[in-house]
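Student: Input: one structure, supplied below.
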Amino acid sequence: MKPNTPKNPSPWISAIPLAVLTLLLYVVIRIFGGDAINGGSQIALLSATSVCVMLAIGIYRCRWAVLEEAIIDNIRASASAILILLLIGAIAGTWMVSGVVPTMIYYGLQILHPSYFLVATCVICAVVSLMTGSSWTTIATIGVALMGIGRAMGFPDGWVAGAIISGAYFGDKLSLLSDTTVLASSTVGVPIFTHIRYMLYTTVPSMLIALGVFAAAGLMLDHGTATHAEAYADSLAATFRISPWLLLVPLATGILIARKLPAIVTLFCATVFACVAMCLAQPHLVAEVAGIGGPEGTGHLGFLSGFKGVLTSCFGPTHIATGTEGLDGLVATRGMAGMLNTVWLVICAMCFGGVMTGSGMLRSLTGIFLRFVRRPFPAVASTVGAGLFFNLCTADQYISIILSGRLFKDLYAERGLEERLLSRSVEDSATVTSVLVPWNSCGMTQATVLGVATFIYLPYCIFNIVSPLMSMAVAAVGWRIRKNNR
């Protein structure tokens, strides 16, 4: 054997860094809860990375230069994803301040009716999450408002929370603005538009089943009358200039997506569209963001102050007072700066994945599955199981997505399976099941925000339960699954 070639790592030794990562993340989640992504998870990843490096160098005589090169390659591969994440932050801010997202929410609230409250709740949360790209923001804002309305109507907490979470994770999963969507596609190396289109074959049927269940439940359960929807709609209308013309921004973005322009180009154009709409439709909010007052300050809005307001909407936090506490959180944005923790997490995860790959440990772990996975269904079933397993062990959906994608990437390639099948299977499991685990950062956060225990809302998260099952069912019948001829 050449002196620079490391020995083939044992699967047992290869599992040690994963075990260390799982233990550290468990402690971090216990200490920091939903704030673990603000630094604790990153430190855990770097610590597990150091353990992997020590084992690779100390036991298998792997050179540091090999591991370093693997880290660099991983980070280089994630460069476009980092740019996309930053642009997503810009869109989140500009689409909110321009009134695009509030307009969507306003019109969505108009369809609320007691008999169809659950299905309407699911649809509204899906639309908001699809537009914002964040299930957490949707649940913590409009979800809290809908939770209060549902309780006022007399609906059981579990049903209302389940409808909110189902809709929020549907939108998060398919949104071009979602960090989990970007992460899953970039980890596997699938163009984001290809990834989203391929997910439609499992995600849409899952959502239709969920909507059917919520529609039936809404008609059968006792309820009162909706009284809060008008108040929330009035608060939005009083703060933003609501107009159907603002829907031209997402329409134009959709046209760019349909024309299959690169994601970075599309996102940049979507930001520019929103900036123009912001200046035309919401000059008073631009003035407020710029720090020169609310509507009364509109007359003092000059070029420099307007430019400051637009740029702040892109890169920094914005806080717009609506007069309704439940909506203030929804219209507050963090811009590009709000994506830095996710970017930090991606870089640290790429370091861990790099040393696991460079040392051969990831290959060793993947080898365990090679003897069992030979056809699409076992491959997808194994991926779904791994996504749930990592959600249980690592207690973080981001890390689950990265580990599942990296673990199965070579396996799918060797079996001639398409990369888009892997990225879809990862999202069908790691993304949607994270909120069903009580000690996962998603499960803990949503239970706290909605005031409903995870085990209470779990049976009613129809979309989250059906989605991984649908992924396996589609694989079993082989619908739209082709062998990779490369």
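Following the order of the structure tokens, chains are lettered A, B, ..., residues in each are numbered from 1, and ligands are numbered from 1.
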Could you name the residues that touch Ala56 of chain A at 10 Å or less, counting only C-alpha atoms, but leaving out those on the same chain fewer than 6 positions away, as a list in words?
Tutor: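 Those residues are Pro6, Lys7, Pro9, Ile13, Ser14, Ser50, Cys62, Arg63, Trp64, Leu67, Val355, Met356, Gly358, Ser359, Gly360 and Met361 of chain A.
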Student: Using only C-alpha atoms, determine which residues lie at most 10 Å from segment 243-254 of chain A, disregarding the query and same-chain residues fewer than 6 positions distant; provide the list as a list in words.
Tutor: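 Counting only C-alpha atoms, the residues come to Trp95, Ser98, Gly99, Val100, Val101, Pro102, Thr103, Met104, Tyr106, Tyr107, Met131, Ala237, Lys260, Thr266, Leu267, Phe268, Cys269, Ala270, Thr271, Val272, Phe273, Ala274, Cys275, Val276, Ala277, Met278 and Ala281 of chain A.
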Student: So that I can check the surroundings of Pro191 of chain A, please list as a PDB file with N, CA and C atoms, in the first residue's frame every protein, DNA and RNA residue that reaches within 12 Å of it, counting only C-alpha atoms and ignoring chain neighbours fewer than 6 positions away.
Tutor:
```
ATOM      1  N   SER A  80     -22.484  28.329  -4.321  1.00  0.00           N
ATOM      2  CA  SER A  80     -23.702  28.844  -4.953  1.00  0.00           C
ATOM      3  C   SER A  80     -24.874  28.801  -3.988  1.00  0.00           C
ATOM      4  N   ALA A  81     -24.922  27.756  -3.140  1.00  0.00           N
ATOM      5  CA  ALA A  81     -25.995  27.658  -2.151  1.00  0.00           C
ATOM      6  C   ALA A  81     -25.929  28.813  -1.163  1.00  0.00           C
ATOM      7  N   ILE A  84     -27.304  31.842  -2.812  1.00  0.00           N
ATOM      8  CA  ILE A  84     -28.762  31.723  -2.885  1.00  0.00           C
ATOM      9  C   ILE A  84     -29.392  32.029  -1.537  1.00  0.00           C
ATOM     10  N   LEU A 176     -38.983  28.252  -3.306  1.00  0.00           N
ATOM     11  CA  LEU A 176     -37.666  28.595  -3.818  1.00  0.00           C
ATOM     12  C   LEU A 176     -36.862  29.370  -2.782  1.00  0.00           C
ATOM     13  N   THR A 181     -34.912  23.675   1.320  1.00  0.00           N
ATOM     14  CA  THR A 181     -34.992  23.288  -0.085  1.00  0.00           C
ATOM     15  C   THR A 181     -33.652  23.510  -0.780  1.00  0.00           C
ATOM     16  N   VAL A 182     -33.062  24.664  -0.525  1.00  0.00           N
ATOM     17  CA  VAL A 182     -31.749  24.970  -1.100  1.00  0.00           C
ATOM     18  C   VAL A 182     -30.702  23.995  -0.566  1.00  0.00           C
ATOM     19  N   LEU A 183     -30.771  23.703   0.724  1.00  0.00           N
ATOM     20  CA  LEU A 183     -29.787  22.826   1.348  1.00  0.00           C
ATOM     21  C   LEU A 183     -29.862  21.416   0.782  1.00  0.00           C
ATOM     22  N   ALA A 184     -31.081  20.880   0.646  1.00  0.00           N
ATOM     23  CA  ALA A 184     -31.249  19.520   0.125  1.00  0.00           C
ATOM     24  C   ALA A 184     -30.758  19.410  -1.308  1.00  0.00           C
ATOM     25  N   SER A 185     -31.108  20.374  -2.132  1.00  0.00           N
ATOM     26  CA  SER A 185     -30.706  20.324  -3.533  1.00  0.00           C
ATOM     27  C   SER A 185     -29.205  20.517  -3.704  1.00  0.00           C
ATOM     28  N   ARG A 197     -39.405  20.823  -9.008  1.00  0.00           N
ATOM     29  CA  ARG A 197     -40.357  20.205  -9.952  1.00  0.00           C
ATOM     30  C   ARG A 197     -40.529  18.719  -9.661  1.00  0.00           C
ATOM     31  N   TYR A 198     -39.438  18.033  -9.328  1.00  0.00           N
ATOM     32  CA  TYR A 198     -39.528  16.584  -9.087  1.00  0.00           C
ATOM     33  C   TYR A 198     -40.261  16.288  -7.782  1.00  0.00           C
ATOM     34  N   LYS A 260     -36.735  28.822 -16.781  1.00  0.00           N
ATOM     35  CA  LYS A 260     -35.584  28.039 -16.307  1.00  0.00           C
ATOM     36  C   LYS A 260     -34.291  28.846 -16.284  1.00  0.00           C
ATOM     37  N   LEU A 261     -34.420  30.107 -15.878  1.00  0.00           N
ATOM     38  CA  LEU A 261     -33.214  30.904 -15.679  1.00  0.00           C
ATOM     39  C   LEU A 261     -32.483  30.406 -14.436  1.00  0.00           C
ATOM     40  N   PRO A 262     -31.181  30.622 -14.334  1.00  0.00           N
ATOM     41  CA  PRO A 262     -30.443  30.202 -13.138  1.00  0.00           C
ATOM     42  C   PRO A 262     -31.071  30.779 -11.875  1.00  0.00           C
ATOM     43  N   ALA A 263     -31.024  30.009 -10.791  1.00  0.00           N
ATOM     44  CA  ALA A 263     -31.684  30.414  -9.548  1.00  0.00           C
ATOM     45  C   ALA A 263     -31.170  31.752  -9.049  1.00  0.00           C
ATOM     46  N   ILE A 264     -29.860  31.966  -9.132  1.00  0.00           N
ATOM     47  CA  ILE A 264     -29.285  33.213  -8.630  1.00  0.00           C
ATOM     48  C   ILE A 264     -29.808  34.399  -9.429  1.00  0.00           C
ATOM     49  N   GLU A 419     -29.957  11.652  -9.208  1.00  0.00           N
ATOM     50  CA  GLU A 419     -29.679  12.469  -8.026  1.00  0.00           C
ATOM     51  C   GLU A 419     -30.940  13.169  -7.536  1.00  0.00           C
ATOM     52  N   ARG A 420     -31.834  13.524  -8.467  1.00  0.00           N
ATOM     53  CA  ARG A 420     -33.050  14.224  -8.053  1.00  0.00           C
ATOM     54  C   ARG A 420     -33.948  13.306  -7.226  1.00  0.00           C
ATOM     55  N   SER A 423     -32.466  13.747  -3.684  1.00  0.00           N
ATOM     56  CA  SER A 423     -32.797  15.030  -3.053  1.00  0.00           C
ATOM     57  C   SER A 423     -34.269  15.086  -2.661  1.00  0.00           C
ATOM     58  N   ARG A 424     -35.144  14.494  -3.490  1.00  0.00           N
ATOM     59  CA  ARG A 424     -36.564  14.463  -3.143  1.00  0.00           C
ATOM     60  C   ARG A 424     -36.824  13.580  -1.930  1.00  0.00           C
TER      61      ARG A 424
END
```
Student: Can you list, as a PyMOL selection string, all residues belonging to segment 183-391 of chain A that DSSP tags as helix (DSSP H, G or I)?
Tutor: chain A and resi 183-188+192-220+229-239+244-258+263-281+283-290+295-300+303-315+325-331+336-358+361-370+376-391
Student: Within 10 Å of Val331 of chain A, counting only C-alpha atoms, which residues show up once you throw out same-chain ones fewer than 4 positions away? Write them as a list in words, please.
Tutor: Ala92, Gly93, Trp95, Met96, Val97, Gly99, Val101, Pro102, Thr137, Thr141, Ile142, Leu236, Thr318, His319, Ile320, Ala321, Thr322, Gly326 and Leu327 of chain A
Student: Output C-alpha atoms for every residue in the selection just made, as a short mmCIF file (atom, residue, chain, number, x, y, z; two decimals), in the first residue's frame.
Tutor:
```cif
data_model
loop_
_atom_site.label_atom_id
_atom_site.label_comp_id
_atom_site.auth_asym_id
_atom_site.auth_seq_id
_atom_site.Cartn_x
_atom_site.Cartn_y
_atom_site.Cartn_z
CA ALA A 92 -37.73 37.87 2.49
CA GLY A 93 -37.17 41.49 3.46
CA TRP A 95 -41.22 41.09 -0.47
CA MET A 96 -42.51 41.88 3.01
CA VAL A 97 -41.84 45.63 3.06
CA GLY A 99 -46.46 44.56 0.57
CA VAL A 101 -46.50 38.96 1.18
CA PRO A 102 -49.03 41.02 3.21
CA THR A 137 -41.87 32.28 10.63
CA THR A 141 -46.81 34.53 13.27
CA ILE A 142 -49.89 33.78 11.20
CA LEU A 236 -52.72 44.63 7.33
CA THR A 318 -36.97 45.59 9.70
CA HIS A 319 -39.68 46.12 12.30
CA ILE A 320 -42.98 47.54 11.10
CA ALA A 321 -45.66 48.32 13.68
CA THR A 322 -49.11 47.13 12.63
CA GLY A 326 -49.62 38.93 16.50
CA LEU A 327 -48.85 40.49 13.12
#
```
